$ cat structure-v8.cif   # mmCIF, C-alpha atoms
data_data
loop_
_atom_site.label_atom_id
_atom_site.label_comp_id
_atom_site.auth_asym_id
_atom_site.auth_seq_id
_atom_site.Cartn_x
_atom_site.Cartn_y
_atom_site.Cartn_z
CA MET A 3 -46.53 -26.35 32.76
CA PRO A 4 -43.84 -27.56 35.17
CA GLY A 5 -44.28 -31.23 34.22
CA LEU A 6 -43.64 -30.52 30.56
CA ARG A 7 -40.52 -28.51 31.41
CA ASP A 8 -39.21 -31.47 33.44
CA LEU A 9 -39.81 -33.82 30.52
CA HIS A 10 -37.82 -31.55 28.20
CA ARG A 11 -34.94 -31.51 30.67
CA VAL A 12 -34.99 -35.31 30.95
CA ASP A 13 -35.08 -35.58 27.15
CA VAL A 14 -31.86 -33.57 26.87
CA TRP A 15 -30.13 -35.85 29.37
CA VAL A 16 -31.38 -38.97 27.59
CA VAL A 17 -30.01 -37.77 24.23
CA VAL A 18 -26.62 -37.03 25.85
CA LEU A 19 -26.66 -40.47 27.48
CA GLU A 20 -27.56 -42.03 24.11
CA PHE A 21 -24.52 -40.35 22.57
CA ILE A 22 -22.26 -41.73 25.31
CA VAL A 23 -23.72 -45.23 24.87
CA LEU A 24 -23.20 -45.01 21.09
CA ILE A 25 -19.53 -44.13 21.63
CA ALA A 26 -19.17 -47.01 24.11
CA LEU A 27 -20.79 -49.36 21.58
CA MET A 28 -18.36 -48.32 18.85
CA ILE A 29 -15.38 -48.78 21.19
CA SER A 30 -16.61 -52.18 22.35
CA LEU A 31 -16.90 -53.46 18.77
CA GLY A 32 -13.13 -53.38 18.35
CA PRO A 33 -12.05 -54.68 14.93
CA VAL A 34 -15.66 -55.25 13.83
CA PHE A 35 -16.09 -51.47 13.88
CA ARG A 36 -14.29 -51.37 10.50
CA ALA A 37 -17.47 -52.76 8.93
CA TRP A 38 -19.24 -49.57 10.06
CA LEU A 39 -16.64 -47.50 8.22
CA SER A 40 -17.95 -48.46 4.79
CA ALA A 41 -19.55 -45.73 2.69
CA TRP A 42 -23.11 -46.59 3.79
CA GLY A 43 -22.17 -47.17 7.39
CA LEU A 44 -20.26 -43.93 7.76
CA LEU A 45 -22.95 -41.89 6.02
CA LEU A 46 -25.71 -43.37 8.13
CA LEU A 47 -23.68 -43.10 11.33
CA ILE A 48 -23.11 -39.40 10.68
CA GLY A 49 -26.84 -39.15 9.97
CA VAL A 50 -27.60 -40.79 13.32
CA VAL A 51 -25.41 -38.34 15.21
CA ILE A 52 -26.56 -35.22 13.34
CA VAL A 53 -30.23 -35.99 12.67
CA GLY A 54 -31.01 -38.12 15.70
CA MET A 55 -28.95 -36.36 18.37
CA LEU A 56 -27.55 -32.94 17.54
CA LEU A 57 -30.56 -31.43 15.75
CA PRO A 58 -33.03 -32.47 18.48
CA LEU A 59 -30.68 -31.05 21.12
CA ALA A 60 -30.43 -27.78 19.19
CA LEU A 61 -34.20 -27.63 18.84
CA SER A 62 -34.71 -28.27 22.55
CA TRP A 63 -32.28 -25.49 23.45
CA ARG A 64 -33.79 -23.04 20.93
CA SER A 65 -37.49 -23.72 21.28
CA GLN A 66 -38.47 -20.52 19.47
CA TRP A 67 -36.99 -21.66 16.12
CA LEU A 68 -40.02 -23.63 14.96
CA GLY A 69 -42.65 -22.36 17.35
CA ASP A 70 -45.52 -24.81 17.72
CA TRP A 71 -43.82 -27.37 15.46
CA ASN A 72 -40.73 -27.63 17.64
CA MET A 73 -41.81 -30.58 19.80
CA LYS A 74 -43.23 -32.54 16.86
CA THR A 75 -40.12 -31.97 14.77
CA THR A 76 -37.84 -32.98 17.63
CA ALA A 77 -39.78 -36.22 18.15
CA ALA A 78 -39.72 -37.01 14.42
CA LEU A 79 -35.95 -36.39 14.22
CA ILE A 80 -35.30 -38.68 17.18
CA LEU A 81 -37.39 -41.43 15.57
CA LEU A 82 -35.56 -40.95 12.26
CA GLY A 83 -32.21 -41.13 14.06
CA GLY A 84 -33.22 -44.41 15.70
CA PHE A 85 -34.28 -45.80 12.35
CA LEU A 86 -30.95 -44.76 10.81
CA LEU A 87 -29.08 -46.46 13.67
CA ARG A 88 -30.91 -49.69 12.95
CA LEU A 89 -30.00 -49.37 9.28
CA VAL A 90 -26.33 -48.94 10.22
CA ILE A 91 -26.44 -52.09 12.35
CA VAL A 92 -28.12 -54.15 9.63
CA PHE A 93 -25.88 -52.93 6.78
CA ALA A 94 -22.74 -53.33 8.91
CA ALA A 95 -23.74 -56.92 9.71
CA GLU A 96 -23.80 -57.65 5.99
CA GLY A 97 -20.28 -56.28 5.65
CA VAL A 98 -18.82 -58.60 8.31
#

$ encode --input "structure-v8.cif" --output "structure tokens"
Amino acid sequence: MPGLRDLHRVDVWVVVLEFIVLIALMISLGPVFRAWLSAWGLLLLIGVVIVGMLLPLALSWRSQWLGDWNMKTTAALILLGGFLLRLVIVFAAEGV
């Protein structure tokens, strides 16, 4: 299915772009970024990068790891990473 292959390729680029935007967001925060460096913020931020970005990228590059469950797992990890990012933003706002 050529259309599905194209969607997978676009997904990889979107995750890379999301990582670049996350770095730009952290740089643009300046001194407020220290609120993200609390225990919860740092733990969740690492969770966002690992669970929401790196694991889905690894699963898209190695599609044979999970077989039929690969696409579903990748989608669930991306959703979980987005949820963790929202938690980081909310908990960091309380620390400011």

$ atom_distance --input "structure-v8.cif" --atom1 "CA of Val92 (chain A)" --atom2 "CA of Lys74 (chain A)"
27.3 Å

$ atom_distance --input "structure-v8.cif" --atom1 "CA of Pro4 (chain A)" --atom2 "CA of Phe21 (chain A)"
26.4 Å

$ atom_distance --input "structure-v8.cif" --atom1 "CA of Met55 (chain A)" --atom2 "CA of Gly84 (chain A)"
9.5 Å

$ closest_residue --input "structure-v8.cif" --among "A:Val50, A:Leu56, A:Val34, A:Ser62" --to "Gly83 (chain A)" --atoms "all atoms listed in the file"
A:Val50

$ residues_near_point --input "structure-v8.cif" --point "(-31.0, -47.7, 9.3)" --cutoff "12 Å" --atoms "all atoms listed in the file" --output "number ranges by chain"
A: 38, 42-50, 54, 81-95

$ decode --input "structure-v8.cif" --residues "region 3-26 of chain A" --atoms "N, CA and C atoms" --output "compact mmCIF listing (two decimals), in the first residue's frame"
# COMPACT_ATOMS: atom_id res chain seq x y z
N MET A 3 0.84 -1.18 0.00
CA MET A 3 0.00 0.00 0.00
C MET A 3 0.89 1.24 0.00
N PRO A 4 1.01 1.91 -1.13
CA PRO A 4 1.89 3.08 -1.21
C PRO A 4 1.40 4.25 -0.35
N GLY A 5 0.11 4.43 -0.21
CA GLY A 5 -0.40 5.53 0.62
C GLY A 5 -0.05 5.36 2.08
N LEU A 6 -0.12 4.14 2.57
CA LEU A 6 0.22 3.87 3.96
C LEU A 6 1.71 4.09 4.21
N ARG A 7 2.54 3.71 3.25
CA ARG A 7 3.98 3.93 3.37
C ARG A 7 4.30 5.43 3.44
N ASP A 8 3.59 6.22 2.64
CA ASP A 8 3.78 7.67 2.67
C ASP A 8 3.37 8.26 4.02
N LEU A 9 2.29 7.75 4.58
CA LEU A 9 1.86 8.23 5.90
C LEU A 9 2.88 7.91 6.98
N HIS A 10 3.49 6.75 6.91
CA HIS A 10 4.54 6.40 7.88
C HIS A 10 5.73 7.35 7.75
N ARG A 11 6.10 7.66 6.52
CA ARG A 11 7.22 8.57 6.31
C ARG A 11 6.91 9.96 6.85
N VAL A 12 5.70 10.44 6.62
CA VAL A 12 5.29 11.75 7.13
C VAL A 12 5.27 11.73 8.66
N ASP A 13 4.84 10.62 9.24
CA ASP A 13 4.79 10.51 10.70
C ASP A 13 6.17 10.67 11.31
N VAL A 14 7.17 10.07 10.69
CA VAL A 14 8.55 10.20 11.19
C VAL A 14 8.98 11.66 11.15
N TRP A 15 8.70 12.34 10.06
CA TRP A 15 9.08 13.75 9.96
C TRP A 15 8.33 14.62 10.97
N VAL A 16 7.09 14.30 11.22
CA VAL A 16 6.31 15.08 12.19
C VAL A 16 6.86 14.89 13.60
N VAL A 17 7.25 13.69 13.96
CA VAL A 17 7.83 13.45 15.29
C VAL A 17 9.15 14.19 15.44
N VAL A 18 9.98 14.21 14.39
CA VAL A 18 11.24 14.96 14.43
C VAL A 18 10.96 16.45 14.55
N LEU A 19 9.98 16.94 13.81
CA LEU A 19 9.60 18.35 13.90
C LEU A 19 9.07 18.69 15.29
N GLU A 20 8.31 17.77 15.88
CA GLU A 20 7.79 17.97 17.24
C GLU A 20 8.94 18.10 18.24
N PHE A 21 9.97 17.30 18.06
CA PHE A 21 11.13 17.37 18.94
C PHE A 21 11.84 18.73 18.81
N ILE A 22 11.97 19.21 17.59
CA ILE A 22 12.59 20.52 17.37
C ILE A 22 11.75 21.63 17.98
N VAL A 23 10.44 21.56 17.83
CA VAL A 23 9.55 22.57 18.41
C VAL A 23 9.61 22.52 19.94
N LEU A 24 9.70 21.33 20.52
CA LEU A 24 9.81 21.21 21.98
C LEU A 24 11.10 21.86 22.48
N ILE A 25 12.19 21.67 21.77
CA ILE A 25 13.46 22.32 22.15
C ILE A 25 13.33 23.83 22.02
N ALA A 26 12.71 24.31 20.94
CA ALA A 26 12.51 25.75 20.77
C ALA A 26 11.63 26.32 21.87
